[in-house]
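Text of coords-v6.cif (mmCIF, C-alpha atoms) as supplied:
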```cif
data_target
loop_
_atom_site.group_PDB
_atom_site.id
_atom_site.type_symbol
_atom_site.label_atom_id
_atom_site.label_comp_id
_atom_site.auth_asym_id
_atom_site.auth_seq_id
_atom_site.Cartn_x
_atom_site.Cartn_y
_atom_site.Cartn_z
ATOM 1 C CA THR A 1 15.742 1.161 6.166
ATOM 2 C CA HIS A 2 16.761 2.719 9.488
ATOM 3 C CA HIS A 3 20.174 3.550 8.029
ATOM 4 C CA ASP A 4 20.020 6.766 6.007
ATOM 5 C CA GLN A 5 22.477 5.435 3.425
ATOM 6 C CA SER A 6 20.781 2.079 2.767
ATOM 7 C CA ILE A 7 17.589 1.219 0.908
ATOM 8 C CA LEU A 8 15.509 -1.786 -0.077
ATOM 9 C CA TYR A 9 14.289 -2.004 -3.643
ATOM 10 C CA THR A 10 12.881 -4.477 -6.098
ATOM 11 C CA GLY A 11 11.790 -4.404 -9.711
ATOM 12 C CA ALA A 12 10.859 -6.500 -12.717
ATOM 13 C CA CYS A 13 13.913 -8.294 -14.100
ATOM 14 C CA LYS A 14 13.593 -9.593 -17.666
ATOM 15 C CA ASP A 15 16.903 -11.476 -17.707
ATOM 16 C CA LYS A 16 15.759 -15.028 -18.434
ATOM 17 C CA THR A 17 19.244 -16.395 -17.679
ATOM 18 C CA GLN A 18 18.586 -15.747 -13.985
ATOM 19 C CA ASN A 19 16.538 -18.191 -11.941
ATOM 20 C CA VAL A 20 13.134 -17.231 -10.558
ATOM 21 C CA GLY A 21 14.514 -16.368 -7.122
ATOM 22 C CA GLN A 22 17.056 -13.936 -8.571
ATOM 23 C CA ARG A 23 14.544 -12.247 -10.871
ATOM 24 C CA HIS A 24 12.170 -11.514 -8.001
ATOM 25 C CA ALA A 25 14.716 -10.773 -5.278
ATOM 26 C CA VAL A 26 14.623 -7.796 -2.938
ATOM 27 C CA ASN A 27 17.931 -5.921 -2.964
ATOM 28 C CA TYR A 28 19.575 -4.295 0.056
ATOM 29 C CA LEU A 29 21.634 -1.446 -1.413
ATOM 30 C CA SER A 30 24.269 0.753 0.207
ATOM 31 C CA LEU A 31 24.037 4.201 -1.375
ATOM 32 C CA HIS A 32 27.395 5.182 0.105
ATOM 33 C CA GLN A 33 29.217 2.212 -1.442
ATOM 34 C CA ASN A 34 26.895 1.875 -4.438
ATOM 35 C CA LYS A 35 26.866 -1.824 -3.689
ATOM 36 C CA ILE A 36 24.216 -4.471 -3.081
ATOM 37 C CA LEU A 37 24.886 -5.760 0.415
ATOM 38 C CA ARG A 38 22.414 -8.632 0.329
ATOM 39 C CA GLN A 39 19.708 -10.168 -1.826
ATOM 40 C CA PHE A 40 16.557 -11.604 -0.298
ATOM 41 C CA ARG A 41 15.279 -14.449 -2.451
ATOM 42 C CA GLY A 42 12.185 -16.548 -1.974
ATOM 43 C CA HIS A 43 9.331 -15.063 -3.972
ATOM 44 C CA SER A 44 8.508 -16.753 -7.271
ATOM 45 C CA ASP A 45 6.692 -13.788 -8.842
ATOM 46 C CA THR A 46 6.791 -9.980 -8.825
ATOM 47 C CA VAL A 47 7.189 -8.327 -5.413
ATOM 48 C CA THR A 48 4.384 -5.791 -5.171
ATOM 49 C CA ASP A 49 5.135 -4.017 -1.881
ATOM 50 C CA ILE A 50 7.705 -3.647 0.908
ATOM 51 C CA SER A 51 6.913 -2.529 4.462
ATOM 52 C CA MET A 52 9.748 -1.787 6.897
ATOM 53 C CA SER A 53 9.205 -2.261 10.611
ATOM 54 C CA PRO A 54 9.421 1.102 12.414
ATOM 55 C CA VAL A 55 11.250 -0.424 15.407
ATOM 56 C CA ASP A 56 13.768 -2.976 14.116
ATOM 57 C CA ASP A 57 15.409 -4.446 11.015
ATOM 58 C CA THR A 58 12.552 -6.733 9.985
ATOM 59 C CA PHE A 59 10.455 -6.026 6.911
ATOM 60 C CA LEU A 60 7.513 -7.508 5.036
ATOM 61 C CA THR A 61 7.104 -8.180 1.323
ATOM 62 C CA SER A 62 3.967 -9.070 -0.618
ATOM 63 C CA SER A 63 4.088 -10.725 -4.004
ATOM 64 C CA ALA A 64 2.047 -11.781 -6.998
ATOM 65 C CA ASP A 65 2.924 -15.359 -5.995
ATOM 66 C CA ARG A 66 0.140 -14.861 -3.393
ATOM 67 C CA THR A 67 2.432 -14.975 -0.361
ATOM 68 C CA VAL A 68 3.724 -12.505 2.218
ATOM 69 C CA ARG A 69 7.216 -12.986 3.622
ATOM 70 C CA LEU A 70 8.846 -11.643 6.770
ATOM 71 C CA TRP A 71 12.582 -10.914 6.595
ATOM 72 C CA ASP A 72 15.450 -9.589 8.693
ATOM 73 C CA LEU A 73 18.126 -7.378 7.124
ATOM 74 C CA LYS A 74 20.813 -9.385 8.925
ATOM 75 C CA GLN A 75 20.055 -12.670 7.156
ATOM 76 C CA ALA A 76 19.234 -13.639 3.594
ATOM 77 C CA GLY A 77 16.531 -16.243 4.235
ATOM 78 C CA SER A 78 12.985 -15.279 5.170
ATOM 79 C CA LEU A 79 11.852 -15.656 8.762
ATOM 80 C CA ALA A 80 8.358 -16.708 7.712
ATOM 81 C CA SER A 81 6.179 -17.182 4.658
ATOM 82 C CA MET A 82 2.441 -16.630 4.956
ATOM 83 C CA ASP A 83 -0.192 -17.465 2.375
ATOM 84 C CA MET A 84 -3.061 -15.137 1.568
ATOM 85 C CA PRO A 85 -5.629 -14.931 4.378
ATOM 86 C CA ARG A 86 -8.509 -17.366 4.282
ATOM 87 C CA SER A 87 -11.847 -16.486 5.740
ATOM 88 C CA GLY A 88 -12.860 -18.240 8.916
ATOM 89 C CA ASN A 89 -16.403 -18.685 7.580
ATOM 90 C CA GLY A 90 -15.312 -20.500 4.433
ATOM 91 C CA LYS A 91 -15.409 -17.614 1.947
ATOM 92 C CA VAL A 92 -13.551 -18.443 -1.256
ATOM 93 C CA MET A 93 -10.500 -16.298 -2.056
ATOM 94 C CA ASP A 94 -9.907 -14.763 -5.483
ATOM 95 C CA PRO A 95 -7.572 -17.193 -7.335
ATOM 96 C CA ASN A 96 -5.987 -14.292 -9.230
ATOM 97 C CA GLY A 97 -5.688 -11.871 -6.321
ATOM 98 C CA CYS A 98 -2.535 -10.510 -4.701
ATOM 99 C CA PRO A 99 -2.062 -9.725 -1.009
ATOM 100 C CA CYS A 100 -1.124 -6.361 0.494
ATOM 101 C CA THR A 101 0.763 -5.981 3.770
ATOM 102 C CA ALA A 102 1.958 -3.315 6.213
ATOM 103 C CA PHE A 103 3.303 -2.820 9.729
ATOM 104 C CA ASP A 104 1.504 -0.450 12.050
ATOM 105 C CA SER A 105 3.367 2.510 13.594
ATOM 106 C CA THR A 106 4.379 0.542 16.712
ATOM 107 C CA GLY A 107 5.853 -2.404 14.823
ATOM 108 C CA LEU A 108 3.895 -4.730 17.109
ATOM 109 C CA VAL A 109 1.125 -5.481 14.617
ATOM 110 C CA PHE A 110 1.042 -6.080 10.886
ATOM 111 C CA GLY A 111 -1.853 -6.595 8.531
ATOM 112 C CA ILE A 112 -2.336 -8.706 5.429
ATOM 113 C CA SER A 113 -5.221 -8.165 3.023
ATOM 114 C CA ALA A 114 -6.546 -10.456 0.329
ATOM 115 C CA PRO A 115 -9.429 -10.211 -2.168
ATOM 116 C CA LEU A 116 -12.434 -12.498 -1.985
ATOM 117 C CA ASP A 117 -13.685 -14.329 -5.060
ATOM 118 C CA ALA A 118 -16.489 -12.983 -7.262
ATOM 119 C CA ASP A 119 -15.651 -9.367 -6.327
ATOM 120 C CA ALA A 120 -17.260 -9.877 -2.921
ATOM 121 C CA GLY A 121 -14.751 -7.642 -1.135
ATOM 122 C CA ASN A 122 -11.475 -7.968 0.737
ATOM 123 C CA LEU A 123 -10.315 -9.532 3.983
ATOM 124 C CA ILE A 124 -7.841 -7.927 6.373
ATOM 125 C CA HIS A 125 -6.084 -10.174 8.887
ATOM 126 C CA LEU A 126 -4.122 -8.650 11.780
ATOM 127 C CA TYR A 127 -1.104 -10.448 13.278
ATOM 128 C CA ASP A 128 0.996 -10.031 16.399
ATOM 129 C CA ALA A 129 4.523 -9.382 15.049
ATOM 130 C CA ARG A 130 5.960 -11.259 18.047
ATOM 131 C CA ASN A 131 3.694 -14.296 17.627
ATOM 132 C CA TYR A 132 2.746 -14.442 13.936
ATOM 133 C CA SER A 133 3.042 -18.240 13.893
ATOM 134 C CA GLY A 134 -0.089 -18.366 16.037
ATOM 135 C CA GLY A 135 -2.144 -16.971 13.169
ATOM 136 C CA ALA A 136 -4.227 -13.828 12.895
ATOM 137 C CA PHE A 137 -5.760 -12.432 16.077
ATOM 138 C CA ALA A 138 -8.402 -10.426 14.193
ATOM 139 C CA GLU A 139 -10.257 -10.588 10.884
ATOM 140 C CA MET A 140 -12.118 -7.777 9.149
ATOM 141 C CA LYS A 141 -14.164 -8.010 5.965
ATOM 142 C CA VAL A 142 -14.532 -4.968 3.731
ATOM 143 C CA GLU A 143 -17.516 -5.774 1.545
ATOM 144 C CA THR A 144 -17.888 -4.461 -1.987
ATOM 145 C CA SER A 145 -21.449 -3.379 -1.186
ATOM 146 C CA SER A 146 -20.268 -1.080 1.626
ATOM 147 C CA LEU A 147 -17.638 0.412 -0.675
ATOM 148 C CA LEU A 148 -20.252 0.954 -3.360
ATOM 149 C CA ASN A 149 -22.524 2.826 -0.958
ATOM 150 C CA ALA A 150 -19.684 5.155 0.021
ATOM 151 C CA ILE A 151 -18.644 5.773 -3.595
ATOM 152 C CA GLN A 152 -22.185 6.501 -4.769
ATOM 153 C CA ASN A 153 -22.264 9.493 -2.448
ATOM 154 C CA LYS A 154 -19.528 11.067 -4.587
ATOM 155 C CA VAL A 155 -19.956 9.600 -8.085
ATOM 156 C CA SER A 156 -23.251 9.887 -9.913
ATOM 157 C CA ARG A 157 -22.599 7.398 -12.721
ATOM 158 C CA PRO A 158 -23.534 3.832 -11.626
ATOM 159 C CA ASP A 159 -21.079 2.163 -14.035
ATOM 160 C CA ILE A 160 -18.110 4.089 -12.656
ATOM 161 C CA SER A 161 -19.230 3.504 -9.067
ATOM 162 C CA SER A 162 -19.511 -0.231 -9.683
ATOM 163 C CA ASN A 163 -16.081 -0.495 -11.308
ATOM 164 C CA LEU A 164 -14.404 1.544 -8.584
ATOM 165 C CA SER A 165 -15.913 -0.605 -5.825
ATOM 166 C CA LYS A 166 -14.334 -3.705 -7.417
ATOM 167 C CA ALA A 167 -10.888 -2.168 -8.010
ATOM 168 C CA LYS A 168 -7.934 -4.278 -6.908
ATOM 169 C CA TRP A 169 -6.129 -3.105 -3.795
ATOM 170 C CA THR A 170 -2.480 -2.147 -4.320
ATOM 171 C CA SER A 171 -1.350 -1.097 -0.834
ATOM 172 C CA MET A 172 -2.502 -0.609 2.742
ATOM 173 C CA ARG A 173 -1.102 1.715 5.436
ATOM 174 C CA PHE A 174 -1.963 2.259 9.114
ATOM 175 C CA ASN A 175 -2.199 5.733 10.571
ATOM 176 C CA LYS A 176 -0.026 6.630 13.566
ATOM 177 C CA SER A 177 -2.671 5.725 16.144
ATOM 178 C CA GLY A 178 -3.557 2.461 14.385
ATOM 179 C CA LYS A 179 -7.238 3.388 14.398
ATOM 180 C CA GLN A 180 -7.500 3.817 10.629
ATOM 181 C CA ILE A 181 -6.179 1.959 7.590
ATOM 182 C CA LEU A 182 -5.682 3.656 4.235
ATOM 183 C CA VAL A 183 -6.030 1.475 1.139
ATOM 184 C CA THR A 184 -4.995 2.440 -2.393
ATOM 185 C CA THR A 185 -6.280 0.756 -5.537
ATOM 186 C CA GLU A 186 -5.292 0.391 -9.185
ATOM 187 C CA SER A 187 -8.208 2.538 -10.383
ATOM 188 C CA GLY A 188 -7.835 5.880 -8.616
ATOM 189 C CA LEU A 189 -9.852 5.027 -5.506
ATOM 190 C CA VAL A 190 -8.495 5.561 -1.990
ATOM 191 C CA VAL A 191 -10.381 3.942 0.895
ATOM 192 C CA MET A 192 -10.198 4.738 4.619
ATOM 193 C CA VAL A 193 -11.189 1.784 6.790
ATOM 194 C CA ASP A 194 -11.735 1.599 10.534
ATOM 195 C CA GLY A 195 -8.771 -0.295 11.995
ATOM 196 C CA TYR A 196 -10.920 -2.197 14.497
ATOM 197 C CA ASP A 197 -14.012 -3.363 12.630
ATOM 198 C CA GLY A 198 -13.270 -2.816 8.919
ATOM 199 C CA ILE A 199 -16.086 -0.330 8.329
ATOM 200 C CA VAL A 200 -15.518 1.992 5.369
ATOM 201 C CA THR A 201 -15.314 5.457 6.943
ATOM 202 C CA ASN A 202 -14.579 7.450 3.780
ATOM 203 C CA VAL A 203 -13.444 7.231 0.165
ATOM 204 C CA PHE A 204 -11.380 9.639 -1.913
ATOM 205 C CA LEU A 205 -11.204 9.731 -5.705
ATOM 206 C CA THR A 206 -8.384 10.707 -7.997
ATOM 207 C CA GLU A 207 -8.892 14.039 -9.741
ATOM 208 C CA GLY A 208 -8.029 15.008 -13.298
ATOM 209 C CA GLY A 209 -8.894 11.863 -15.242
ATOM 210 C CA GLU A 210 -9.599 11.801 -18.955
ATOM 211 C CA MET A 211 -12.835 13.736 -18.483
ATOM 212 C CA GLY A 212 -11.290 16.110 -15.966
ATOM 213 C CA GLY A 213 -13.606 15.413 -13.049
ATOM 214 C CA ILE A 214 -13.400 13.475 -9.819
ATOM 215 C CA GLY A 215 -13.426 9.775 -10.613
ATOM 216 C CA ASP A 216 -14.315 10.323 -14.301
ATOM 217 C CA THR A 217 -13.326 7.328 -16.473
ATOM 218 C CA ILE A 218 -10.600 6.311 -14.043
ATOM 219 C CA ALA A 219 -12.355 3.032 -13.298
ATOM 220 C CA ASN A 220 -11.605 1.922 -16.856
ATOM 221 C CA HIS A 221 -8.671 4.083 -17.909
ATOM 222 C CA GLY A 222 -6.529 4.743 -14.829
ATOM 223 C CA THR A 223 -2.871 5.127 -15.742
ATOM 224 C CA GLY A 224 -1.586 3.537 -12.571
ATOM 225 C CA PRO A 225 -2.240 2.756 -8.912
ATOM 226 C CA SER A 226 -3.381 5.606 -6.709
ATOM 227 C CA ALA A 227 -0.908 7.114 -4.234
ATOM 228 C CA ALA A 228 -2.017 8.215 -0.773
ATOM 229 C CA CYS A 229 -0.802 8.489 2.798
ATOM 230 C CA PHE A 230 -1.649 9.918 6.216
ATOM 231 C CA SER A 231 0.106 13.024 7.496
ATOM 232 C CA SER A 232 2.393 12.493 10.489
ATOM 233 C CA ASP A 233 -0.267 13.860 12.884
ATOM 234 C CA ASP A 234 -3.116 11.737 11.415
ATOM 235 C CA GLN A 235 -5.122 14.914 10.720
ATOM 236 C CA THR A 236 -4.775 14.944 6.931
ATOM 237 C CA ILE A 237 -4.990 12.455 4.085
ATOM 238 C CA LEU A 238 -2.851 13.202 1.043
ATOM 239 C CA CYS A 239 -3.868 11.842 -2.359
ATOM 240 C CA GLY A 240 -1.883 12.078 -5.588
ATOM 241 C CA ASN A 241 -3.878 13.059 -8.668
ATOM 242 C CA GLU A 242 -3.750 12.312 -12.370
ATOM 243 C CA ASN A 243 -3.269 16.008 -13.168
ATOM 244 C CA GLY A 244 -0.110 16.357 -11.069
ATOM 245 C CA THR A 245 -1.680 17.940 -7.998
ATOM 246 C CA ILE A 246 -1.847 16.555 -4.455
ATOM 247 C CA SER A 247 -5.179 16.828 -2.649
ATOM 248 C CA CYS A 248 -5.129 17.348 1.118
ATOM 249 C CA TYR A 249 -8.276 16.140 2.891
ATOM 250 C CA ASP A 250 -9.343 16.593 6.487
ATOM 251 C CA ALA A 251 -9.188 13.031 7.846
ATOM 252 C CA ALA A 252 -12.147 13.472 10.197
ATOM 253 C CA ARG A 253 -14.568 15.275 7.875
ATOM 254 C CA GLY A 254 -13.303 14.108 4.481
ATOM 255 C CA GLU A 255 -13.339 17.674 3.160
ATOM 256 C CA LEU A 256 -10.757 19.021 0.744
ATOM 257 C CA VAL A 257 -8.695 21.685 2.539
ATOM 258 C CA LYS A 258 -5.841 22.328 0.123
ATOM 259 C CA ARG A 259 -4.194 21.356 -3.176
ATOM 260 C CA LEU A 260 -0.458 21.246 -3.699
ATOM 261 C CA ARG A 261 0.639 22.099 -7.238
ATOM 262 C CA GLY A 262 3.936 21.581 -9.015
ATOM 263 C CA HIS A 263 4.109 18.162 -10.651
ATOM 264 C CA VAL A 264 3.518 17.990 -14.393
ATOM 265 C CA GLU A 265 1.955 14.499 -14.531
ATOM 266 C CA ARG A 266 0.299 11.861 -12.347
ATOM 267 C CA VAL A 267 1.648 11.742 -8.799
ATOM 268 C CA GLY A 268 2.489 8.073 -8.329
ATOM 269 C CA CYS A 269 4.332 8.126 -5.012
ATOM 270 C CA LEU A 270 3.676 9.892 -1.699
ATOM 271 C CA ALA A 271 5.255 9.609 1.746
ATOM 272 C CA THR A 272 5.355 11.670 4.935
ATOM 273 C CA ASN A 273 8.094 12.151 7.482
ATOM 274 C CA PRO A 274 6.933 10.266 10.629
ATOM 275 C CA LYS A 275 8.362 12.958 12.944
ATOM 276 C CA TYR A 276 8.053 16.274 11.116
ATOM 277 C CA ALA A 277 5.529 18.059 8.905
ATOM 278 C CA GLN A 278 7.267 17.091 5.684
ATOM 279 C CA ILE A 279 5.976 15.385 2.547
ATOM 280 C CA SER A 280 7.852 13.771 -0.333
ATOM 281 C CA SER A 281 6.265 13.096 -3.703
ATOM 282 C CA ALA A 282 7.218 11.974 -7.180
ATOM 283 C CA CYS A 283 5.636 11.810 -10.629
ATOM 284 C CA THR A 284 7.044 10.555 -13.939
ATOM 285 C CA ASN A 285 9.872 13.128 -13.858
ATOM 286 C CA ILE A 286 13.127 11.893 -12.354
ATOM 287 C CA ALA A 287 12.890 14.258 -9.390
ATOM 288 C CA LEU A 288 11.766 14.044 -5.778
ATOM 289 C CA TRP A 289 9.677 16.900 -4.413
ATOM 290 C CA LEU A 290 9.798 17.864 -0.736
ATOM 291 C CA TRP A 291 6.986 19.943 0.782
#
```
How does the structure come out when it is put into structure tokens?
Amino acid sequence: THHDQSILYTGACKDKTQNVGQRHAVNYLSLHQNKILRQFRGHSDTVTDISMSPVDDTFLTSSADRTVRLWDLKQAGSLASMDMPRSGNGKVMDPNGCPCTAFDSTGLVFGISAPLDADAGNLIHLYDARNYSGGAFAEMKVETSSLLNAIQNKVSRPDISSNLSKAKWTSMRFNKSGKQILVTTESGLVVMVDGYDGIVTNVFLTEGGEMGGIGDTIANHGTGPSAACFSSDDQTILCGNENGTISCYDAARGELVKRLRGHVERVGCLATNPKYAQISSACTNIALWLW
């Protein structure tokens, strides 16, 4: 949150004595008091992502119940609940898919993505944060075929390319200018999409899989969702790898410029300071690295 001693967190709760709302609540925790200040209940399945507005106390949550909710830290009930986007041209949505959501850097726009049925691709709907009830003001379709073409330039094996192009999205993030969107997947693929028309501008593949190479076997044997983010100046894309390194790519050219080494296992979490040239990362060790 915007208070340096308060955080939002959620997690799988296996206590069957609690009702569904309690098990899938988002908790507002005071680190100073070590006390939960408020619980945000409404989702009926696992909360998959949280996105805090950069300008106020509102935040978004996406869930496996196929909804996205907008909340305010000052009240327990959600301000709005939005179903997964539906295509304006009648495309069928994946009945088993989960949405992803994120605010842009201004807090004036947020996006919601949803997978299409039959592995046809994903939709991204953009909303005005001040007038979300009016529906999306823009729709972009990221087709599986366009992803496949981009992946085939970097992966020679057709079976791996095909599996990677159909990987489920796990998060989406806007860069500071709002011109690019970075998407992570459950299979080691990171996708950069144009923020205006949805064209795939580049793809990045997790390194250090079971066969040791870029993208090798990760389509079938990835150990977890990929982690990636933009640097605070939009010039670099940071990707966490299976082998514990962090790859730094030039955002414009897509070229690898540096690797950060130190983690012992898969880097599963990455974030950058929005004001300074600082990076935080974490792997399976109970430690937070600052770069």
Taking the file as shown, find all residues satisfying the PyMOL selection byres ((chain A and resi 50) around 6) and write them as a list in words.
->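 Applied to this file, the PyMOL selection byres ((chain A and resi 50) around 6) selects Asp49, Ser51, Leu60 and Thr61 of chain A.
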May I ask which of the residues A:Leu256, A:Leu290, A:Leu29, A:Leu108 is the closest one to A:Cys269, counting all atoms listed in the file?
->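 Residue with the minimum atom-to-atom distance to A:Cys269: A:Leu290.
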Counting only C-alpha atoms, the residue of A:Ser6, A:Gln235, A:Ser53, A:Ser133 that sits nearest A:Ile36 =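 Smallest separation from A:Ile36 among the options: A:Ser6.
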Do you know which residues the PyMOL selection byres ((chain A and resi 268) around 8) returns on this file, as a list in words?
-> Gly224, Pro225, Ser226, Ala227, Gly240, Arg266, Val267, Cys269, Leu270, Ser281, Ala282, Cys283 and Thr284 of chain A
Nearest to A:Ser161: which of A:Ala251, A:Val193, A:Val203, A:Ala129 is it, counting all atoms listed in the file?
-> A:Val203
Tell me, as a PyMOL selection string, which residues lie within 12 Å of A:Asp234, counting only C-alpha atoms; anything in the same chain fewer than 2 positions away does not count.
-> chain A and resi 105+173-182+229-232+236-238+248-252+272-275+277
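Each of A:Ile124, A:Ile199, A:Thr58, A:Met52 was checked against A:Asn149 using only C-alpha atoms; the smallest atom-to-atom distance is that of A:Ile199.
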Counting all atoms listed in the file, which residues sit no farther than 9 Å from the position (13.5, -0.3, 12.2) in the file's frame? I'd like them as a CSV table (one decimal) with C-alpha atoms, in the frame of the given file.
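Contents of the output file out.csv:
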```csv
chain,number,residue,atom,x,y,z
A,1,THR,CA,15.7,1.2,6.2
A,2,HIS,CA,16.8,2.7,9.5
A,3,HIS,CA,20.2,3.6,8.0
A,52,MET,CA,9.7,-1.8,6.9
A,53,SER,CA,9.2,-2.3,10.6
A,54,PRO,CA,9.4,1.1,12.4
A,55,VAL,CA,11.2,-0.4,15.4
A,56,ASP,CA,13.8,-3.0,14.1
A,57,ASP,CA,15.4,-4.4,11.0
A,58,THR,CA,12.6,-6.7,10.0
A,59,PHE,CA,10.5,-6.0,6.9
A,107,GLY,CA,5.9,-2.4,14.8
```
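Minimum distance to A:Trp289 across A:Thr245, A:Arg253, A:Leu189, A:Leu123 (counting all atoms listed in the file) occurs at A:Thr245.
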At what distance in Å, to one decimal, does atom CA of A:His125 lie from atom CA of A:Met140?
->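 Atom-to-atom, atom CA of A:Met140 and atom CA of A:His125 are spaced 6.5 Å apart.
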How far is it from atom CA of A:Phe204 to atom CA of A:Val190, in Å with one decimal?
->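 Computing it gives 5.0 Å between the two atoms.
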